[in-house]
Amino acid sequence: MMKPDNKTILVVMTNLVARKMSEGRAQSADPVRFYGFTPADVSGLHFWKRDANDNVWFRLHDGRVIDADGNLAEADLSHYIRQPDEVSNDEALVM
């Protein structure tokens with residue numbers, strides 16, 4: 001899990017909402033209104049989840065995890081930790 005500063009979290013949130021606006025999947029360009037939380041509410045970001053496509057998940061201080069679409073996601077941390085057999089050869093070279 002990565003814990004960037006609040007300014008970086010806001011940039012991530014804003015970029016995701018802007019993409020959703022361009023796809024017609026968001027009614028508001030305001031990321032706080034879209035997600036229902038502020039960057040200060042985020043304890044960390046996940047960029048991988050077992051059995052899911054690449055995405056971003058926001059882990060909140062209250063224990064909830066919200067995906068890039070604003071949906072509640074699995075909160076169990078083990079779903080966001082790659083096991084050695086889940087890392088591709090290309091990724092293993094970079095790690």
# chains A, B, ... in the order shown; residues from 1 in each chain; ligands from 1
call {"tool": "residues_around", "arguments": {"residues": "A:Pro39", "least_positions_apart": "4", "cutoff": "9 Å", "atoms": "only C-alpha atoms", "output": "PyMOL selection string"}}
result
chain A and resi 5-10+13+32+43
call {"tool": "residues_around", "arguments": {"residues": "A:Asp67", "least_positions_apart": "5", "cutoff": "9 Å", "atoms": "only C-alpha atoms", "output": "MDAnalysis selection string"}}
result
chainID A and resid 55:59 72:73
call {"tool": "write_last_selection", "arguments": {"atoms": "C-alpha atoms", "output": "mmCIF file, in the first residue's frame"}}
result
data_model
loop_
_atom_site.group_PDB
_atom_site.id
_atom_site.type_symbol
_atom_site.label_atom_id
_atom_site.label_comp_id
_atom_site.auth_asym_id
_atom_site.auth_seq_id
_atom_site.Cartn_x
_atom_site.Cartn_y
_atom_site.Cartn_z
ATOM 1 C CA ASN A 55 -7.352 -0.074 -10.988
ATOM 2 C CA VAL A 56 -6.945 2.222 -7.997
ATOM 3 C CA TRP A 57 -8.438 1.500 -4.583
ATOM 4 C CA PHE A 58 -8.585 4.088 -1.809
ATOM 5 C CA ARG A 59 -8.183 2.650 1.701
ATOM 6 C CA LEU A 72 -17.263 -0.170 -1.886
ATOM 7 C CA ALA A 73 -14.610 -2.887 -2.309
#
call {"tool": "residues_around", "arguments": {"residues": "A:Phe34", "least_positions_apart": "6", "cutoff": "10 Å", "atoms": "only C-alpha atoms", "output": "ChimeraX atom specification"}}
result
/A:13-14,17,26-28,69-70
call {"tool": "select_by_dssp", "arguments": {"residues": "chain A", "states": "strand (DSSP E or B)", "output": "JSON, numbers by chain"}}
result
{"A": [2, 42, 43, 44, 45, 46, 57, 58, 59, 60, 65, 66, 67, 72, 73]}
call {"tool": "closest_residue", "arguments": {"among": "A:Ile66, A:Val42, A:Pro31, A:Asn71", "to": "A:Ala18", "atoms": "only C-alpha atoms"}}
result
A:Pro31
call {"tool": "atom_distance", "arguments": {"atom1": "atom CA of A:Tyr35", "atom2": "atom CA of A:Met1"}}
result
19.4 Å
